[in-house]
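Okay, so here's the structure we're looking at.
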Amino acid sequence: MPSPLGLRRRLKKLFGLEDKAAAPKEEVPKVHLVVVGPDGSEQAADVDVGTTIIGGTSRFKRPIATGCSEASCGTCRVEVLEGAEGLAEQSPRERAALKENGFPTTMRLACRTELVKGTVKVKAAELM
């Protein structure tokens, strides 16, 4: 039952307690992620901007394999086939981990690489 003069609604608004379900939800921008497995098979999904490549594959039937999720082992390394401009820059930790594990710095670590925009297609070294 509504309160007289809309007092309850006004108080909720004043204290920031408005009904969140009634407020229009902002749509989170998406990135189209395509992962090619070592056998050439492809999996794809639209994922939220800011998600790591590993996070983007978490719902895949065969996600990218990872050994540490701390940018140290290199298990989740991927080769960028298309859309490198849609990825965040490599961090110093990522570059160091690739170098320490003997991989070219042109590869990326899926556990650390954030998706920024557009369509990104990568080839995974290993899938689960």
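Ordering of the structure tokens sets the chain letters (A, B, ...); residue numbers start at 1 within each chain; ligands are numbered from 1 in the order shown.
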Which of chain A DSSP labels helix (DSSP H, G or I), written as a list of chain:residue names: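 Filtering chain A to helix (DSSP H, G or I) leaves A:Pro4, A:Leu5, A:Gly6, A:Leu7, A:Arg8, A:Arg9, A:Arg10, A:Leu11, A:Lys12, A:Lys13, A:Leu14, A:Ile53, A:Ile54, A:Gly55, A:Gly56, A:Ala84, A:Glu85, A:Gly86, A:Pro92, A:Arg93, A:Glu94, A:Arg95, A:Ala96, A:Ala97, A:Leu98, A:Lys99, A:Glu100.
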Thr119 of chain A surroundings by only C-alpha atoms, 8 Å radius, close-in-sequence under 5 positions cut, as a PyMOL selection string: chain A and resi 31-34+82-83+86
Out of segment 73-116 of chain A, which residues get strand (DSSP E) from DSSP, as an mmCIF file with N, CA and C atoms, in the first residue's frame?
data_model
loop_
_atom_site.group_PDB
_atom_site.id
_atom_site.type_symbol
_atom_site.label_atom_id
_atom_site.label_comp_id
_atom_site.auth_asym_id
_atom_site.auth_seq_id
_atom_site.Cartn_x
_atom_site.Cartn_y
_atom_site.Cartn_z
ATOM 1 N N ARG A 77 49.174 -19.876 -22.246
ATOM 2 C CA ARG A 77 49.646 -19.010 -23.333
ATOM 3 C C ARG A 77 48.765 -19.179 -24.576
ATOM 4 N N VAL A 78 48.567 -18.066 -25.262
ATOM 5 C CA VAL A 78 47.788 -18.071 -26.494
ATOM 6 C C VAL A 78 48.510 -17.239 -27.543
ATOM 7 N N GLU A 79 48.250 -17.583 -28.788
ATOM 8 C CA GLU A 79 48.748 -16.803 -29.915
ATOM 9 C C GLU A 79 47.572 -15.980 -30.427
ATOM 10 N N VAL A 80 47.752 -14.681 -30.562
ATOM 11 C CA VAL A 80 46.674 -13.817 -31.048
ATOM 12 C C VAL A 80 46.632 -13.916 -32.568
ATOM 13 N N LEU A 81 45.506 -14.392 -33.100
ATOM 14 C CA LEU A 81 45.337 -14.541 -34.545
ATOM 15 C C LEU A 81 44.699 -13.302 -35.165
ATOM 16 N N GLU A 82 43.744 -12.711 -34.451
ATOM 17 C CA GLU A 82 43.043 -11.520 -34.940
ATOM 18 C C GLU A 82 42.638 -10.654 -33.754
ATOM 19 N N ARG A 108 50.486 -14.219 -25.538
ATOM 20 C CA ARG A 108 49.819 -13.606 -24.388
ATOM 21 C C ARG A 108 49.468 -14.688 -23.387
ATOM 22 N N LEU A 109 49.351 -14.302 -22.129
ATOM 23 C CA LEU A 109 48.906 -15.212 -21.083
ATOM 24 C C LEU A 109 47.420 -14.963 -20.854
#
Neighbouring residues of segment 57-69 of chain A were defined as those with any atom within 9 Å, considering only C-alpha atoms; residues of the same chain fewer than 6 positions away were excluded. Please report them as a ChimeraX atom specification. /A:33,35,37,43-45,47,75-78,110-112,124-128
Store the residues picked out above in a file with N, CA and C atoms, as an mmCIF file, in the first residue's frame.
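The resulting file, result18.cif, is reproduced below:
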data_model
loop_
_atom_site.group_PDB
_atom_site.id
_atom_site.type_symbol
_atom_site.label_atom_id
_atom_site.label_comp_id
_atom_site.auth_asym_id
_atom_site.auth_seq_id
_atom_site.Cartn_x
_atom_site.Cartn_y
_atom_site.Cartn_z
ATOM 1 N N LEU A 33 34.808 -13.198 -28.305
ATOM 2 C CA LEU A 33 36.023 -13.990 -28.125
ATOM 3 C C LEU A 33 35.903 -15.312 -28.869
ATOM 4 N N VAL A 35 38.126 -18.792 -29.606
ATOM 5 C CA VAL A 35 39.309 -19.558 -29.212
ATOM 6 C C VAL A 35 39.434 -20.763 -30.128
ATOM 7 N N GLY A 37 41.340 -24.199 -30.753
ATOM 8 C CA GLY A 37 42.086 -25.199 -30.005
ATOM 9 C C GLY A 37 43.270 -25.717 -30.800
ATOM 10 N N GLN A 43 35.677 -22.340 -30.537
ATOM 11 C CA GLN A 43 34.626 -22.052 -29.579
ATOM 12 C C GLN A 43 34.527 -20.534 -29.496
ATOM 13 N N ALA A 44 33.320 -20.003 -29.301
ATOM 14 C CA ALA A 44 33.159 -18.551 -29.269
ATOM 15 C C ALA A 44 32.090 -18.141 -28.268
ATOM 16 N N ALA A 45 32.230 -16.913 -27.767
ATOM 17 C CA ALA A 45 31.244 -16.346 -26.847
ATOM 18 C C ALA A 45 31.413 -14.836 -26.813
ATOM 19 N N VAL A 47 31.644 -11.865 -24.307
ATOM 20 C CA VAL A 47 31.968 -11.701 -22.888
ATOM 21 C C VAL A 47 32.099 -10.224 -22.543
ATOM 22 N N THR A 75 51.184 -21.999 -18.933
ATOM 23 C CA THR A 75 50.289 -23.025 -19.473
ATOM 24 C C THR A 75 49.178 -22.407 -20.314
ATOM 25 N N CYS A 76 48.701 -21.237 -19.911
ATOM 26 C CA CYS A 76 47.561 -20.605 -20.579
ATOM 27 C C CYS A 76 47.965 -19.711 -21.747
ATOM 28 N N ARG A 77 49.174 -19.876 -22.246
ATOM 29 C CA ARG A 77 49.646 -19.010 -23.333
ATOM 30 C C ARG A 77 48.765 -19.179 -24.576
ATOM 31 N N VAL A 78 48.567 -18.066 -25.262
ATOM 32 C CA VAL A 78 47.788 -18.071 -26.494
ATOM 33 C C VAL A 78 48.510 -17.239 -27.543
ATOM 34 N N ALA A 110 46.612 -15.980 -21.081
ATOM 35 C CA ALA A 110 45.156 -15.830 -20.995
ATOM 36 C C ALA A 110 44.683 -15.489 -19.586
ATOM 37 N N CYS A 111 45.471 -15.857 -18.572
ATOM 38 C CA CYS A 111 45.065 -15.563 -17.193
ATOM 39 C C CYS A 111 45.212 -14.083 -16.851
ATOM 40 N N ARG A 112 45.973 -13.344 -17.627
ATOM 41 C CA ARG A 112 46.240 -11.936 -17.337
ATOM 42 C C ARG A 112 45.755 -10.973 -18.412
ATOM 43 N N ALA A 124 44.837 -21.355 -28.635
ATOM 44 C CA ALA A 124 45.304 -21.830 -27.332
ATOM 45 C C ALA A 124 46.326 -22.949 -27.513
ATOM 46 N N ALA A 125 47.320 -22.943 -26.652
ATOM 47 C CA ALA A 125 48.324 -24.004 -26.680
ATOM 48 C C ALA A 125 47.750 -25.288 -26.082
ATOM 49 N N GLU A 126 46.904 -25.142 -25.057
ATOM 50 C CA GLU A 126 46.306 -26.302 -24.391
ATOM 51 C C GLU A 126 44.877 -25.987 -23.962
ATOM 52 N N LEU A 127 44.002 -26.993 -24.084
ATOM 53 C CA LEU A 127 42.639 -26.892 -23.586
ATOM 54 C C LEU A 127 42.441 -27.971 -22.534
ATOM 55 N N MET A 128 41.501 -27.745 -21.661
ATOM 56 C CA MET A 128 41.188 -28.752 -20.641
ATOM 57 C C MET A 128 40.393 -29.875 -21.267
#
Quick check, in Å to one decimal: how far apart do atom CA of Asp46 of chain A and atom CA of Lys30 of chain A lie?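 Between these atoms lies a distance of 5.8 Å.
Distances from A:Val116, A:Leu98, A:Leu17, A:Val122 to Ala71 of chain A were compared using only C-alpha atoms, and the smallest one belongs to A:Leu98.
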Hey, what's within 10 Å of Lys99 of chain A if we count only C-alpha atoms and toss same-chain stuff fewer than 6 positions away? As an MDAnalysis selection string, please? chainID A and resid 74 93 105
Output file for the residues above (N, CA and C atoms, as a PDB file, in the first residue's frame):
ATOM      1  N   GLY A  74      52.869 -20.210 -17.655  1.00  0.00           N
ATOM      2  CA  GLY A  74      52.767 -20.147 -19.108  1.00  0.00           C
ATOM      3  C   GLY A  74      51.867 -21.186 -19.736  1.00  0.00           C
ATOM      4  N   ARG A  93      54.750  -8.093 -15.660  1.00  0.00           N
ATOM      5  CA  ARG A  93      54.728  -9.456 -15.114  1.00  0.00           C
ATOM      6  C   ARG A  93      54.461 -10.469 -16.225  1.00  0.00           C
ATOM      7  N   THR A 105      57.556 -13.098 -26.639  1.00  0.00           N
ATOM      8  CA  THR A 105      56.738 -12.067 -25.989  1.00  0.00           C
ATOM      9  C   THR A 105      55.577 -11.617 -26.880  1.00  0.00           C
TER      10      THR A 105
END
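Between Glu42 of chain A and the candidates A:Glu100, A:Gly6, A:Phe15, A:Lys121, the tightest atom-to-atom separation, counting only C-alpha atoms, involves A:Lys121.
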